[in-house]
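**Student:** File coords-v3.txt below, compact mmCIF, C-alpha atoms and all ligand atoms:
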# COMPACT_ATOMS: atom_id res chain seq x y z
CA MET A 1 82.70 15.15 59.67
CA ASN A 2 80.14 14.85 62.38
CA GLN A 3 77.03 13.44 60.66
CA ASN A 4 74.78 14.16 63.63
CA SER A 5 75.37 17.84 64.21
CA GLY A 6 74.18 19.20 60.88
CA HIS A 7 77.06 21.68 61.16
CA GLY A 8 79.95 19.74 59.68
CA LYS A 9 82.03 22.85 58.98
CA SER A 10 81.93 24.18 62.52
CA SER A 11 82.63 20.77 64.08
CA THR A 12 85.77 20.46 61.91
CA ARG A 13 86.85 23.92 63.08
CA VAL A 14 86.33 22.95 66.71
CA GLY A 15 88.65 19.97 66.10
CA VAL A 16 91.39 22.24 64.69
CA LEU A 17 91.05 24.72 67.56
CA SER A 18 91.16 22.03 70.18
CA SER A 19 94.50 20.73 68.88
CA HIS A 20 96.02 24.18 69.62
CA PHE A 21 94.08 24.65 72.83
CA HIS A 22 95.71 26.59 75.69
CA PRO A 23 93.76 26.46 78.95
CA SER A 24 92.27 29.82 79.94
CA PRO A 25 93.33 31.27 83.30
CA PHE A 26 89.68 32.33 83.84
CA PRO A 27 86.94 30.04 85.13
CA PRO A 28 84.35 29.02 82.49
CA ARG A 29 81.54 31.53 82.04
CA PRO A 30 78.08 30.24 82.95
CA PRO A 31 75.74 29.87 79.93
CA ARG A 32 73.78 33.04 79.14
CA SER A 33 70.14 32.80 80.09
CA ARG A 34 67.38 33.98 77.77
CA MET A 35 65.61 35.43 80.81
CA ALA A 36 66.53 39.02 81.70
CA SER A 37 68.66 39.00 84.83
CA SER A 38 66.22 41.30 86.65
CA GLU A 39 63.40 38.74 86.21
CA LYS A 40 65.64 35.90 87.24
CA ASP A 41 66.78 37.89 90.27
CA ALA A 42 63.14 38.55 91.16
CA ALA A 43 62.37 34.84 90.90
CA LEU A 44 65.39 33.89 92.99
CA ALA A 45 64.51 36.51 95.59
CA ALA A 46 60.88 35.40 95.86
CA VAL A 47 60.18 33.34 98.94
CA PRO A 48 57.63 30.53 98.55
CA SER A 49 54.58 31.59 100.54
CA ASP A 50 50.81 31.36 100.67
CA ALA A 51 50.54 35.12 101.33
CA PRO A 52 48.52 37.35 98.99
CA THR A 53 50.35 38.37 95.82
CA ILE A 54 50.10 41.01 93.12
CA PHE A 55 47.75 38.65 91.26
CA ASP A 56 45.10 39.20 93.99
CA LYS A 57 45.19 42.91 93.14
CA ILE A 58 44.89 42.09 89.45
CA ILE A 59 41.87 39.87 90.17
CA ARG A 60 40.25 42.66 92.20
CA LYS A 61 41.15 45.15 89.40
CA GLU A 62 43.07 47.24 91.91
CA ILE A 63 45.93 47.33 89.44
CA PRO A 64 45.35 47.36 85.70
CA SER A 65 46.02 44.46 83.38
CA THR A 66 45.00 43.56 79.85
CA VAL A 67 42.42 40.85 80.41
CA VAL A 68 41.86 38.48 77.50
CA PHE A 69 39.52 35.97 79.19
CA GLU A 70 37.50 36.00 82.38
CA ASP A 71 34.76 33.92 83.96
CA ASP A 72 33.79 33.10 87.54
CA LYS A 73 36.74 30.71 88.04
CA VAL A 74 39.72 32.08 86.12
CA LEU A 75 41.33 35.24 84.81
CA ALA A 76 43.72 35.43 81.85
CA PHE A 77 45.75 38.58 81.20
CA ARG A 78 48.81 39.61 79.20
CA ASP A 79 52.15 39.21 80.95
CA ILE A 80 53.80 42.50 81.89
CA SER A 81 57.15 41.19 80.66
CA PRO A 82 56.33 39.16 77.55
CA GLN A 83 58.77 36.44 76.49
CA ALA A 84 57.01 35.87 73.17
CA PRO A 85 54.69 37.88 70.88
CA THR A 86 51.80 36.27 72.77
CA HIS A 87 52.40 35.76 76.49
CA ILE A 88 49.36 35.32 78.69
CA ILE A 89 49.04 34.40 82.36
CA ILE A 90 46.07 32.25 83.40
CA ILE A 91 45.21 32.10 87.09
CA PRO A 92 42.47 30.75 89.34
CA LYS A 93 40.46 33.55 90.96
CA VAL A 94 40.42 31.61 94.23
CA LYS A 95 43.90 30.46 95.21
CA ASP A 96 42.73 27.95 97.84
CA GLY A 97 46.30 27.14 98.94
CA LEU A 98 47.56 26.68 95.37
CA SER A 99 50.49 29.03 95.66
CA GLN A 100 52.44 26.65 93.40
CA LEU A 101 51.86 23.38 91.59
CA SER A 102 53.78 21.36 94.15
CA LYS A 103 51.13 22.32 96.73
CA ALA A 104 48.35 20.69 94.68
CA GLU A 105 45.96 18.38 96.47
CA GLU A 106 43.09 16.25 95.22
CA ARG A 107 40.59 19.08 95.67
CA HIS A 108 42.53 21.08 93.07
CA ILE A 109 42.20 18.55 90.25
CA GLU A 110 39.20 20.27 88.69
CA ILE A 111 40.69 23.79 88.67
CA LEU A 112 44.05 22.48 87.39
CA GLY A 113 42.31 20.83 84.46
CA TYR A 114 40.23 23.94 83.85
CA LEU A 115 43.32 26.18 83.75
CA LEU A 116 44.71 24.02 80.94
CA TYR A 117 41.39 23.98 79.13
CA VAL A 118 41.21 27.79 79.29
CA ALA A 119 44.80 27.93 77.99
CA LYS A 120 43.61 26.03 74.92
CA VAL A 121 40.58 28.32 74.51
CA VAL A 122 42.75 31.45 74.78
CA ALA A 123 45.35 29.99 72.38
CA LYS A 124 42.57 29.56 69.82
CA GLN A 125 41.27 33.06 70.53
CA GLU A 126 44.80 34.43 69.98
CA GLY A 127 45.13 32.58 66.67
CA LEU A 128 47.95 30.31 67.81
CA ASP A 129 46.89 27.65 65.34
CA ASP A 130 50.42 26.38 64.60
CA GLY A 131 51.23 25.66 68.22
CA PHE A 132 52.08 27.24 71.52
CA ARG A 133 53.81 26.47 74.79
CA ILE A 134 52.41 26.05 78.27
CA VAL A 135 54.73 26.64 81.23
CA ILE A 136 54.14 26.32 84.97
CA ASN A 137 57.14 27.45 86.97
CA ASP A 138 57.41 25.92 90.44
CA GLY A 139 59.53 27.14 93.32
CA PRO A 140 62.94 28.83 93.36
CA LYS A 141 64.60 26.30 91.04
CA GLY A 142 61.68 26.58 88.64
CA CYS A 143 62.15 30.38 88.60
CA GLN A 144 58.70 31.06 90.06
CA SER A 145 58.37 34.69 91.15
CA VAL A 146 54.66 35.02 91.98
CA TYR A 147 53.26 32.50 94.47
CA HIS A 148 49.72 32.23 93.09
CA ILE A 149 49.63 29.30 90.70
CA HIS A 150 49.58 30.38 87.08
CA VAL A 151 49.88 28.93 83.62
CA HIS A 152 52.03 30.78 81.09
CA LEU A 153 50.69 30.59 77.53
CA LEU A 154 53.43 31.54 75.05
CA GLY A 155 53.18 31.68 71.29
CA GLY A 156 53.67 33.63 68.11
CA ARG A 157 57.26 32.53 67.57
CA GLN A 158 59.18 29.29 67.17
CA MET A 159 59.89 27.81 70.61
CA ASN A 160 63.18 26.09 71.36
CA TRP A 161 63.99 22.89 73.20
CA PRO A 162 65.47 22.34 75.71
CA PRO A 163 64.13 25.38 77.58
CA GLY A 164 66.58 27.47 79.60
P1 LIG B 1 56.61 33.28 87.29
O1 LIG B 1 58.04 33.70 87.10
O2 LIG B 1 56.33 31.92 86.67
O3 LIG B 1 56.20 33.37 88.73
O4 LIG B 1 55.75 34.31 86.45
C1 LIG B 1 55.17 35.46 86.95
C2 LIG B 1 54.81 36.29 85.77
O5 LIG B 1 53.91 37.31 86.17
C3 LIG B 1 55.99 36.98 85.11
O6 LIG B 1 56.15 36.49 83.79
C4 LIG B 1 55.63 38.45 85.07
C5 LIG B 1 54.16 38.46 85.42
N1 LIG B 1 53.78 39.57 86.24
C6 LIG B 1 54.30 39.91 87.44
N2 LIG B 1 53.70 41.03 87.91
C7 LIG B 1 52.80 41.39 86.97
C8 LIG B 1 51.86 42.47 86.91
O7 LIG B 1 51.74 43.32 87.79
N3 LIG B 1 51.09 42.53 85.78
C9 LIG B 1 51.17 41.60 84.78
N4 LIG B 1 50.37 41.75 83.74
N5 LIG B 1 52.04 40.56 84.83
C10 LIG B 1 52.84 40.47 85.91
Go ahead and express the file in the form of structure tokens.

**Tutor:**
Amino acid sequence: MNQNSGHGKSSTRVGVLSSHFHPSPFPPRPPRSRMASSEKDAALAAVPSDAPTIFDKIIRKEIPSTVVFEDDKVLAFRDISPQAPTHIIIIPKVKDGLSQLSKAEERHIEILGYLLYVAKVVAKQEGLDDGFRIVINDGPKGCQSVYHIHVHLLGGRQMNWPPG
């Protein structure tokens, strides 16, 4: 029995199956992602750019969002496609070239730290006392779809590791 898996029964079964294994004529299926394919497609289709994004319209209140925190530097609002019971996006009001984390320069250190501090403040405000997750997607391989740097604050359920 495999002492490390914690699933002794299923590892034994895998052993039995593998001894009668006939190779499939089909190529292996890629692992299923937890992200809806439409969101992943949007992220893959997004081209890294410093151009204005939908978040500028949210900042200017030209399109509605559910704001949970706002001051002169940052805006935090609920994600339109929540991946957890609590899913909040925290953005700087002035992008200043920070379309993505990999574009960060020394002048951005203060706002980057402040985004994380606000994430902690909002987590407290949302009652995420048992923990939460912070995510910053970067670029096509990081599945970034909106090129205005943002922190995802996710909570209200047990998170898994490794992430997808
Ligand atoms: P990312 O994939 O890391 O670039 O995340 C962008 C997030 O922004 C994504 O989770 C969905 C969210 N989002 C995109 N457009 C809107 C919108 O118009 N309103 C709100 N509230 N969220 C949006």

**Student:** Closest to ligand LIG 1 (chain B) among A:Ser99, A:Gln158, A:Ser38, A:Ser65, using only C-alpha atoms and all ligand atoms?

**Tutor:**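 Smallest distance to ligand LIG 1 (chain B) is found for A:Ser65.
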
**Student:** Throw together the list of residues within 10 Å of ligand LIG 1 (chain B), counting only C-alpha atoms and all ligand atoms, and drop it here as a PyMOL selection string.

**Tutor:** chain A and resi 35+39-40+42-44+46+53-58+63-67+76-83+87-90+99-100+135-140+142-152

**Student:** For a quick check of understanding, using all atoms listed in the file, which of A:Arg157, A:Gly97, A:Ile59, A:Ala104 has the smallest distance to Ala84 of chain A?

**Tutor:**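 Of A:Arg157, A:Gly97, A:Ile59, A:Ala104, the one nearest Ala84 of chain A is A:Arg157, counting all atoms listed in the file.
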
**Student:** As an exercise, work out the distance from atom CA of Arg133 of chain A to atom CA of Trp161 of chain A in Å and give it to one decimal place.

**Tutor:**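 Interatomic distance here is 10.9 Å.
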
**Student:** In Å, how far is it from atom CA of Met159 of chain A to atom CA of Leu128 of chain A?

**Tutor:**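 Computed distance, atom CA of Met159 of chain A to atom CA of Leu128 of chain A, equals 12.5 Å.
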
**Student:** Between A:Leu75, A:Ala119, A:Ile111, A:Val47, which is the closest to Asp96 of chain A once you count all atoms listed in the file?

**Tutor:** A:Ile111

**Student:** Take atom CA of Glu62 of chain A and atom CA of Ile134 of chain A and report the distance between them in Å, one decimal.

**Tutor:**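 Going from atom CA of Glu62 of chain A over to atom CA of Ile134 of chain A covers 26.9 Å.
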
**Student:** Quick one: of A:Ala45, A:Val68, A:Leu98, A:Ile109, who's nearest to Lys124 of chain A, counting only C-alpha atoms?

**Tutor:**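 Between A:Ala45, A:Val68, A:Leu98, A:Ile109, the residue approaching Lys124 of chain A most closely is A:Val68.
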
**Student:** Considering all atoms listed in the file, state which residue in the set A:Leu153, A:Leu101, A:Arg60, A:Glu106 is at the smallest distance from Val122 of chain A.

**Tutor:**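 The answer is A:Leu153, which sits nearest to Val122 of chain A.
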
**Student:** Go through A:Pro92, A:Gly155, A:Pro52, A:Pro162 and flag the residue nearest Tyr114 of chain A, using all atoms listed in the file for the distances.

**Tutor:**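 Among the listed residues, A:Pro92 lies closest to Tyr114 of chain A.
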
**Student:** Build an axis-aligned box that encloses every atom of segment 122-140 of chain A listed in the file, pad it by 5 Å on each side, and report its centre and edge lengths in Å to one decimal, as lines of an AutoDock Vina configuration file.

**Tutor:**
center_x = 52.1
center_y = 30.0
center_z = 79.0
size_x = 31.7
size_y = 18.8
size_z = 38.8
